[in-house]
Amino acid sequence: MARITSLCEKPRSQRVRRLAEWLNPTGSRKVHSLVDKVYKRKNLELAWEKVRQNQGAGGVDGQSIKEFEKVLDEQLDRLHWELKADLYHPQLVREHLIPKAGQPGKYRALGIPTIYDRVCQQAVLNRLEGIFEPVFDEASFGYRRGRSSKDALRKVWRELHSGCEWIVDADLKDFFGSVNHEKLMALVAQRVADGRVLRLIESMLKAGRFTEGQQRLTTDRGTPQGGVISPLLSNILLLRLTGR
């Protein structure tokens, strides 16, 4: 399964919530000025450190982590300038097909951005996490810092011991490959009002992909499974599933 979410929560209230409360449950105001915090040099340095720690293969430009590090200052300076001047454009995502275990002939498409683009995604992620974490459901554990599958199991056991009897086990088919960009961006825009950041995220979603068959394809749906920012975006989209 792509994520771990416990849906055995007991209802907190039977009161029907207004649409505004559903879209913005904490009543928080939108964040307006954010892009300058994304391209701040310190944030880019922190983003690079995270990308370096995670390692991983290079993208369509063939540049590895070690090669990027050799010209680190130059790369971060360029990224800072492009983001500040609103000139950043992500490169195509390199598509790599991974065979699905026990399903002959079926594959999972992994999208691998360049190291440069991964640093940019991480820089955006650094700023978005604090904005969206407060509205994620307490029963949600997938792709969240400080939460694990063991925490989810403990949650299930607590619910069982409290008297809950039903557990729903479900999976979303081709979740990362079928995300509707328009709906996802509408949810992001409920919390982020900085147009440049919204355009930046959308450009990441629509960067296109370069297949193993050497084809250049557009991406009208989905978010690359392998992209740094994709897990957070998937949790944002699932806000509607959890009713938050």
# chains A, B, ... in the order shown; residues from 1 in each chain; ligands from 1
>>> residues_around(residues="A:Glu69", least_positions_apart="3", cutoff="12 Å", atoms="only C-alpha atoms", output="PDB file with all heavy atoms, in the first residue's frame")
ATOM      1  N   GLU A  45      20.549  25.398   1.539  1.00  0.00           N
ATOM      2  CA  GLU A  45      21.630  24.582   2.098  1.00  0.00           C
ATOM      3  C   GLU A  45      21.055  23.413   2.905  1.00  0.00           C
ATOM      4  O   GLU A  45      21.552  22.284   2.820  1.00  0.00           O
ATOM      5  CB  GLU A  45      22.531  25.449   2.979  1.00  0.00           C
ATOM      6  CG  GLU A  45      23.338  26.471   2.192  1.00  0.00           C
ATOM      7  CD  GLU A  45      24.067  27.462   3.084  1.00  0.00           C
ATOM      8  OE1 GLU A  45      23.898  27.374   4.329  1.00  0.00           O
ATOM      9  OE2 GLU A  45      24.779  28.324   2.549  1.00  0.00           O
ATOM     10  N   TRP A  48      19.700  20.859   0.473  1.00  0.00           N
ATOM     11  CA  TRP A  48      20.768  20.055  -0.110  1.00  0.00           C
ATOM     12  C   TRP A  48      21.223  18.961   0.851  1.00  0.00           C
ATOM     13  O   TRP A  48      21.424  17.812   0.455  1.00  0.00           O
ATOM     14  CB  TRP A  48      21.949  20.928  -0.511  1.00  0.00           C
ATOM     15  CG  TRP A  48      23.255  20.178  -0.510  1.00  0.00           C
ATOM     16  CD1 TRP A  48      24.307  20.355   0.333  1.00  0.00           C
ATOM     17  CD2 TRP A  48      23.630  19.097  -1.379  1.00  0.00           C
ATOM     18  NE1 TRP A  48      25.305  19.451   0.059  1.00  0.00           N
ATOM     19  CE2 TRP A  48      24.921  18.670  -0.988  1.00  0.00           C
ATOM     20  CE3 TRP A  48      23.000  18.439  -2.434  1.00  0.00           C
ATOM     21  CZ2 TRP A  48      25.587  17.622  -1.623  1.00  0.00           C
ATOM     22  CZ3 TRP A  48      23.663  17.383  -3.065  1.00  0.00           C
ATOM     23  CH2 TRP A  48      24.949  17.001  -2.666  1.00  0.00           C
ATOM     24  N   GLU A  49      21.387  19.294   2.120  1.00  0.00           N
ATOM     25  CA  GLU A  49      21.831  18.313   3.107  1.00  0.00           C
ATOM     26  C   GLU A  49      20.863  17.144   3.188  1.00  0.00           C
ATOM     27  O   GLU A  49      21.272  15.988   3.307  1.00  0.00           O
ATOM     28  CB  GLU A  49      21.985  18.981   4.479  1.00  0.00           C
ATOM     29  CG  GLU A  49      23.244  19.798   4.636  1.00  0.00           C
ATOM     30  CD  GLU A  49      24.506  18.963   4.436  1.00  0.00           C
ATOM     31  OE1 GLU A  49      24.551  17.801   4.921  1.00  0.00           O
ATOM     32  OE2 GLU A  49      25.432  19.451   3.776  1.00  0.00           O
ATOM     33  N   VAL A  51      18.803  16.129   0.755  1.00  0.00           N
ATOM     34  CA  VAL A  51      18.923  15.372  -0.493  1.00  0.00           C
ATOM     35  C   VAL A  51      20.184  14.514  -0.468  1.00  0.00           C
ATOM     36  O   VAL A  51      20.174  13.352  -0.879  1.00  0.00           O
ATOM     37  CB  VAL A  51      18.934  16.329  -1.702  1.00  0.00           C
ATOM     38  CG1 VAL A  51      19.290  15.579  -2.987  1.00  0.00           C
ATOM     39  CG2 VAL A  51      17.579  17.018  -1.851  1.00  0.00           C
ATOM     40  N   ARG A  52      21.278  15.080   0.028  1.00  0.00           N
ATOM     41  CA  ARG A  52      22.538  14.342   0.104  1.00  0.00           C
ATOM     42  C   ARG A  52      22.400  13.124   1.011  1.00  0.00           C
ATOM     43  O   ARG A  52      22.898  12.038   0.705  1.00  0.00           O
ATOM     44  CB  ARG A  52      23.649  15.255   0.619  1.00  0.00           C
ATOM     45  CG  ARG A  52      25.028  14.587   0.652  1.00  0.00           C
ATOM     46  CD  ARG A  52      26.075  15.509   1.257  1.00  0.00           C
ATOM     47  NE  ARG A  52      25.763  15.851   2.642  1.00  0.00           N
ATOM     48  CZ  ARG A  52      26.012  15.055   3.680  1.00  0.00           C
ATOM     49  NH1 ARG A  52      26.586  13.869   3.485  1.00  0.00           N
ATOM     50  NH2 ARG A  52      25.705  15.423   4.903  1.00  0.00           N
ATOM     51  N   GLN A  55      20.554  10.323  -0.660  1.00  0.00           N
ATOM     52  CA  GLN A  55      21.254   9.747  -1.806  1.00  0.00           C
ATOM     53  C   GLN A  55      20.303   9.533  -2.979  1.00  0.00           C
ATOM     54  O   GLN A  55      19.470  10.362  -3.261  1.00  0.00           O
ATOM     55  CB  GLN A  55      21.951   8.449  -1.397  1.00  0.00           C
ATOM     56  CG  GLN A  55      23.128   8.672  -0.434  1.00  0.00           C
ATOM     57  CD  GLN A  55      24.271   9.450  -1.067  1.00  0.00           C
ATOM     58  OE1 GLN A  55      24.778   9.098  -2.132  1.00  0.00           O
ATOM     59  NE2 GLN A  55      24.684  10.521  -0.406  1.00  0.00           N
ATOM     60  N   GLN A  63      23.635  13.766 -13.748  1.00  0.00           N
ATOM     61  CA  GLN A  63      24.490  14.251 -12.664  1.00  0.00           C
ATOM     62  C   GLN A  63      24.203  13.491 -11.365  1.00  0.00           C
ATOM     63  O   GLN A  63      23.057  13.365 -10.951  1.00  0.00           O
ATOM     64  CB  GLN A  63      24.276  15.751 -12.448  1.00  0.00           C
ATOM     65  CG  GLN A  63      25.256  16.381 -11.474  1.00  0.00           C
ATOM     66  CD  GLN A  63      25.043  17.879 -11.342  1.00  0.00           C
ATOM     67  OE1 GLN A  63      23.919  18.341 -11.182  1.00  0.00           O
ATOM     68  NE2 GLN A  63      26.131  18.640 -11.407  1.00  0.00           N
ATOM     69  N   SER A  64      25.259  13.004 -10.730  1.00  0.00           N
ATOM     70  CA  SER A  64      25.121  12.250  -9.488  1.00  0.00           C
ATOM     71  C   SER A  64      25.228  13.189  -8.284  1.00  0.00           C
ATOM     72  O   SER A  64      25.550  14.370  -8.425  1.00  0.00           O
ATOM     73  CB  SER A  64      26.216  11.189  -9.397  1.00  0.00           C
ATOM     74  OG  SER A  64      27.490  11.816  -9.261  1.00  0.00           O
ATOM     75  N   ILE A  65      24.963  12.641  -7.106  1.00  0.00           N
ATOM     76  CA  ILE A  65      25.093  13.401  -5.865  1.00  0.00           C
ATOM     77  C   ILE A  65      26.528  13.927  -5.718  1.00  0.00           C
ATOM     78  O   ILE A  65      26.739  15.107  -5.397  1.00  0.00           O
ATOM     79  CB  ILE A  65      24.735  12.518  -4.650  1.00  0.00           C
ATOM     80  CG1 ILE A  65      23.229  12.185  -4.637  1.00  0.00           C
ATOM     81  CG2 ILE A  65      25.142  13.207  -3.347  1.00  0.00           C
ATOM     82  CD1 ILE A  65      22.323  13.301  -4.208  1.00  0.00           C
ATOM     83  N   LYS A  66      27.505  13.073  -5.954  1.00  0.00           N
ATOM     84  CA  LYS A  66      28.909  13.471  -5.803  1.00  0.00           C
ATOM     85  C   LYS A  66      29.289  14.559  -6.797  1.00  0.00           C
ATOM     86  O   LYS A  66      30.015  15.501  -6.462  1.00  0.00           O
ATOM     87  CB  LYS A  66      29.814  12.255  -5.973  1.00  0.00           C
ATOM     88  CG  LYS A  66      29.745  11.271  -4.807  1.00  0.00           C
ATOM     89  CD  LYS A  66      30.744  10.139  -4.982  1.00  0.00           C
ATOM     90  CE  LYS A  66      30.703   9.191  -3.778  1.00  0.00           C
ATOM     91  NZ  LYS A  66      31.682   8.071  -3.940  1.00  0.00           N
ATOM     92  N   LEU A  72      28.831  22.598  -5.660  1.00  0.00           N
ATOM     93  CA  LEU A  72      27.683  22.894  -4.802  1.00  0.00           C
ATOM     94  C   LEU A  72      27.360  24.379  -4.731  1.00  0.00           C
ATOM     95  O   LEU A  72      26.220  24.791  -4.938  1.00  0.00           O
ATOM     96  CB  LEU A  72      27.938  22.345  -3.396  1.00  0.00           C
ATOM     97  CG  LEU A  72      26.826  22.603  -2.371  1.00  0.00           C
ATOM     98  CD1 LEU A  72      25.520  21.966  -2.820  1.00  0.00           C
ATOM     99  CD2 LEU A  72      27.238  22.076  -0.999  1.00  0.00           C
ATOM    100  N   ASP A  73      28.352  25.207  -4.411  1.00  0.00           N
ATOM    101  CA  ASP A  73      28.097  26.644  -4.273  1.00  0.00           C
ATOM    102  C   ASP A  73      27.540  27.243  -5.551  1.00  0.00           C
ATOM    103  O   ASP A  73      26.611  28.068  -5.521  1.00  0.00           O
ATOM    104  CB  ASP A  73      29.378  27.376  -3.853  1.00  0.00           C
ATOM    105  CG  ASP A  73      29.740  27.117  -2.399  1.00  0.00           C
ATOM    106  OD1 ASP A  73      28.835  26.767  -1.622  1.00  0.00           O
ATOM    107  OD2 ASP A  73      30.927  27.254  -2.042  1.00  0.00           O
ATOM    108  N   GLU A  74      28.112  26.832  -6.668  1.00  0.00           N
ATOM    109  CA  GLU A  74      27.641  27.335  -7.959  1.00  0.00           C
ATOM    110  C   GLU A  74      26.186  26.936  -8.216  1.00  0.00           C
ATOM    111  O   GLU A  74      25.363  27.738  -8.678  1.00  0.00           O
ATOM    112  CB  GLU A  74      28.538  26.789  -9.073  1.00  0.00           C
ATOM    113  CG  GLU A  74      28.102  27.194 -10.470  1.00  0.00           C
ATOM    114  CD  GLU A  74      28.940  26.528 -11.539  1.00  0.00           C
ATOM    115  OE1 GLU A  74      30.127  26.223 -11.263  1.00  0.00           O
ATOM    116  OE2 GLU A  74      28.412  26.295 -12.650  1.00  0.00           O
ATOM    117  N   GLN A  75      25.857  25.698  -7.886  1.00  0.00           N
ATOM    118  CA  GLN A  75      24.501  25.195  -8.098  1.00  0.00           C
ATOM    119  C   GLN A  75      23.491  25.896  -7.193  1.00  0.00           C
ATOM    120  O   GLN A  75      22.405  26.276  -7.639  1.00  0.00           O
ATOM    121  CB  GLN A  75      24.462  23.683  -7.853  1.00  0.00           C
ATOM    122  CG  GLN A  75      25.287  22.854  -8.811  1.00  0.00           C
ATOM    123  CD  GLN A  75      24.567  22.612 -10.125  1.00  0.00           C
ATOM    124  OE1 GLN A  75      23.968  23.518 -10.696  1.00  0.00           O
ATOM    125  NE2 GLN A  75      24.622  21.392 -10.618  1.00  0.00           N
ATOM    126  N   LEU A  76      23.845  26.060  -5.925  1.00  0.00           N
ATOM    127  CA  LEU A  76      22.918  26.712  -4.996  1.00  0.00           C
ATOM    128  C   LEU A  76      22.760  28.184  -5.325  1.00  0.00           C
ATOM    129  O   LEU A  76      21.663  28.746  -5.182  1.00  0.00           O
ATOM    130  CB  LEU A  76      23.389  26.525  -3.555  1.00  0.00           C
ATOM    131  CG  LEU A  76      23.402  25.091  -3.009  1.00  0.00           C
ATOM    132  CD1 LEU A  76      23.732  25.085  -1.524  1.00  0.00           C
ATOM    133  CD2 LEU A  76      22.071  24.388  -3.257  1.00  0.00           C
ATOM    134  N   ILE A 115      19.097  16.003  -9.451  1.00  0.00           N
ATOM    135  CA  ILE A 115      19.516  16.412  -8.114  1.00  0.00           C
ATOM    136  C   ILE A 115      19.162  17.879  -7.889  1.00  0.00           C
ATOM    137  O   ILE A 115      18.669  18.258  -6.815  1.00  0.00           O
ATOM    138  CB  ILE A 115      21.044  16.219  -7.927  1.00  0.00           C
ATOM    139  CG1 ILE A 115      21.463  14.780  -8.295  1.00  0.00           C
ATOM    140  CG2 ILE A 115      21.447  16.541  -6.491  1.00  0.00           C
ATOM    141  CD1 ILE A 115      20.794  13.705  -7.491  1.00  0.00           C
ATOM    142  N   TYR A 116      19.384  18.690  -8.893  1.00  0.00           N
ATOM    143  CA  TYR A 116      19.072  20.124  -8.826  1.00  0.00           C
ATOM    144  C   TYR A 116      17.595  20.337  -8.504  1.00  0.00           C
ATOM    145  O   TYR A 116      17.245  21.139  -7.625  1.00  0.00           O
ATOM    146  CB  TYR A 116      19.422  20.761 -10.174  1.00  0.00           C
ATOM    147  CG  TYR A 116      19.342  22.269 -10.230  1.00  0.00           C
ATOM    148  CD1 TYR A 116      20.372  23.064  -9.739  1.00  0.00           C
ATOM    149  CD2 TYR A 116      18.245  22.895 -10.812  1.00  0.00           C
ATOM    150  CE1 TYR A 116      20.313  24.450  -9.816  1.00  0.00           C
ATOM    151  CE2 TYR A 116      18.172  24.274 -10.887  1.00  0.00           C
ATOM    152  CZ  TYR A 116      19.206  25.049 -10.394  1.00  0.00           C
ATOM    153  OH  TYR A 116      19.135  26.433 -10.476  1.00  0.00           O
ATOM    154  N   VAL A 119      16.673  19.284  -4.913  1.00  0.00           N
ATOM    155  CA  VAL A 119      17.012  20.305  -3.919  1.00  0.00           C
ATOM    156  C   VAL A 119      15.919  21.372  -3.887  1.00  0.00           C
ATOM    157  O   VAL A 119      15.498  21.819  -2.814  1.00  0.00           O
ATOM    158  CB  VAL A 119      18.378  20.946  -4.230  1.00  0.00           C
ATOM    159  CG1 VAL A 119      18.636  22.132  -3.293  1.00  0.00           C
ATOM    160  CG2 VAL A 119      19.495  19.917  -4.076  1.00  0.00           C
TER     161      VAL A 119
END
>>> atom_distance(atom1="atom CA of A:Arg127", atom2="atom CA of A:Thr114")
20.4 Å
>>> atom_distance(atom1="atom CA of A:Leu110", atom2="atom CA of A:Arg94")
8.1 Å
>>> residues_around(residues="A:Asp86", least_positions_apart="5", cutoff="12 Å", atoms="only C-alpha atoms", output="list in words")
Val35, Asp36, Val38, Tyr39, Arg78, Leu79, His80, Trp81, Gly195, Arg196, Val197, Leu198, Arg199, Leu200 and Ser203 of chain A
>>> write_last_selection(atoms="N, CA, C and O atoms", output="PDB file, in the first residue's frame")
ATOM      1  N   VAL A  35       7.606  32.691  -0.960  1.00  0.00           N
ATOM      2  CA  VAL A  35       8.658  32.348  -1.914  1.00  0.00           C
ATOM      3  C   VAL A  35      10.036  32.821  -1.459  1.00  0.00           C
ATOM      4  O   VAL A  35      11.053  32.155  -1.684  1.00  0.00           O
ATOM      5  N   ASP A  36      10.096  33.980  -0.772  1.00  0.00           N
ATOM      6  CA  ASP A  36      11.392  34.477  -0.307  1.00  0.00           C
ATOM      7  C   ASP A  36      11.984  33.571   0.757  1.00  0.00           C
ATOM      8  O   ASP A  36      13.213  33.484   0.913  1.00  0.00           O
ATOM      9  N   VAL A  38      11.492  30.316   0.650  1.00  0.00           N
ATOM     10  CA  VAL A  38      11.903  29.127  -0.100  1.00  0.00           C
ATOM     11  C   VAL A  38      13.304  29.312  -0.663  1.00  0.00           C
ATOM     12  O   VAL A  38      14.165  28.441  -0.532  1.00  0.00           O
ATOM     13  N   TYR A  39      13.554  30.459  -1.319  1.00  0.00           N
ATOM     14  CA  TYR A  39      14.859  30.660  -1.958  1.00  0.00           C
ATOM     15  C   TYR A  39      15.940  31.215  -1.034  1.00  0.00           C
ATOM     16  O   TYR A  39      17.066  31.443  -1.452  1.00  0.00           O
ATOM     17  N   ARG A  78      22.913  29.422  -8.329  1.00  0.00           N
ATOM     18  CA  ARG A  78      22.057  29.469  -9.515  1.00  0.00           C
ATOM     19  C   ARG A  78      20.593  29.228  -9.145  1.00  0.00           C
ATOM     20  O   ARG A  78      19.695  29.929  -9.628  1.00  0.00           O
ATOM     21  N   LEU A  79      20.364  28.256  -8.262  1.00  0.00           N
ATOM     22  CA  LEU A  79      18.998  27.967  -7.845  1.00  0.00           C
ATOM     23  C   LEU A  79      18.401  29.149  -7.090  1.00  0.00           C
ATOM     24  O   LEU A  79      17.239  29.521  -7.312  1.00  0.00           O
ATOM     25  N   HIS A  80      19.178  29.766  -6.219  1.00  0.00           N
ATOM     26  CA  HIS A  80      18.728  30.943  -5.485  1.00  0.00           C
ATOM     27  C   HIS A  80      18.317  32.051  -6.451  1.00  0.00           C
ATOM     28  O   HIS A  80      17.253  32.668  -6.307  1.00  0.00           O
ATOM     29  N   TRP A  81      19.170  32.295  -7.448  1.00  0.00           N
ATOM     30  CA  TRP A  81      18.889  33.367  -8.406  1.00  0.00           C
ATOM     31  C   TRP A  81      17.667  33.057  -9.256  1.00  0.00           C
ATOM     32  O   TRP A  81      16.803  33.932  -9.479  1.00  0.00           O
ATOM     33  N   GLY A 195       1.235  33.282  -5.054  1.00  0.00           N
ATOM     34  CA  GLY A 195       1.077  32.802  -6.416  1.00  0.00           C
ATOM     35  C   GLY A 195       2.339  32.207  -7.009  1.00  0.00           C
ATOM     36  O   GLY A 195       2.274  31.243  -7.779  1.00  0.00           O
ATOM     37  N   ARG A 196       3.498  32.746  -6.655  1.00  0.00           N
ATOM     38  CA  ARG A 196       4.747  32.225  -7.207  1.00  0.00           C
ATOM     39  C   ARG A 196       5.044  30.819  -6.690  1.00  0.00           C
ATOM     40  O   ARG A 196       5.533  29.965  -7.430  1.00  0.00           O
ATOM     41  N   VAL A 197       4.720  30.566  -5.433  1.00  0.00           N
ATOM     42  CA  VAL A 197       4.920  29.229  -4.869  1.00  0.00           C
ATOM     43  C   VAL A 197       3.933  28.251  -5.496  1.00  0.00           C
ATOM     44  O   VAL A 197       4.296  27.109  -5.813  1.00  0.00           O
ATOM     45  N   LEU A 198       2.700  28.690  -5.707  1.00  0.00           N
ATOM     46  CA  LEU A 198       1.710  27.821  -6.344  1.00  0.00           C
ATOM     47  C   LEU A 198       2.142  27.466  -7.767  1.00  0.00           C
ATOM     48  O   LEU A 198       2.024  26.308  -8.188  1.00  0.00           O
ATOM     49  N   ARG A 199       2.647  28.442  -8.505  1.00  0.00           N
ATOM     50  CA  ARG A 199       3.118  28.172  -9.867  1.00  0.00           C
ATOM     51  C   ARG A 199       4.338  27.254  -9.846  1.00  0.00           C
ATOM     52  O   ARG A 199       4.518  26.402 -10.723  1.00  0.00           O
ATOM     53  N   LEU A 200       5.157  27.407  -8.831  1.00  0.00           N
ATOM     54  CA  LEU A 200       6.350  26.569  -8.692  1.00  0.00           C
ATOM     55  C   LEU A 200       5.954  25.114  -8.479  1.00  0.00           C
ATOM     56  O   LEU A 200       6.497  24.204  -9.116  1.00  0.00           O
ATOM     57  N   SER A 203       4.504  23.676 -11.644  1.00  0.00           N
ATOM     58  CA  SER A 203       5.539  23.377 -12.645  1.00  0.00           C
ATOM     59  C   SER A 203       6.220  22.040 -12.337  1.00  0.00           C
ATOM     60  O   SER A 203       6.626  21.319 -13.254  1.00  0.00           O
TER      61      SER A 203
END
>>> atom_distance(atom1="atom CA of A:Leu233", atom2="atom CA of A:Ser178")
12.7 Å
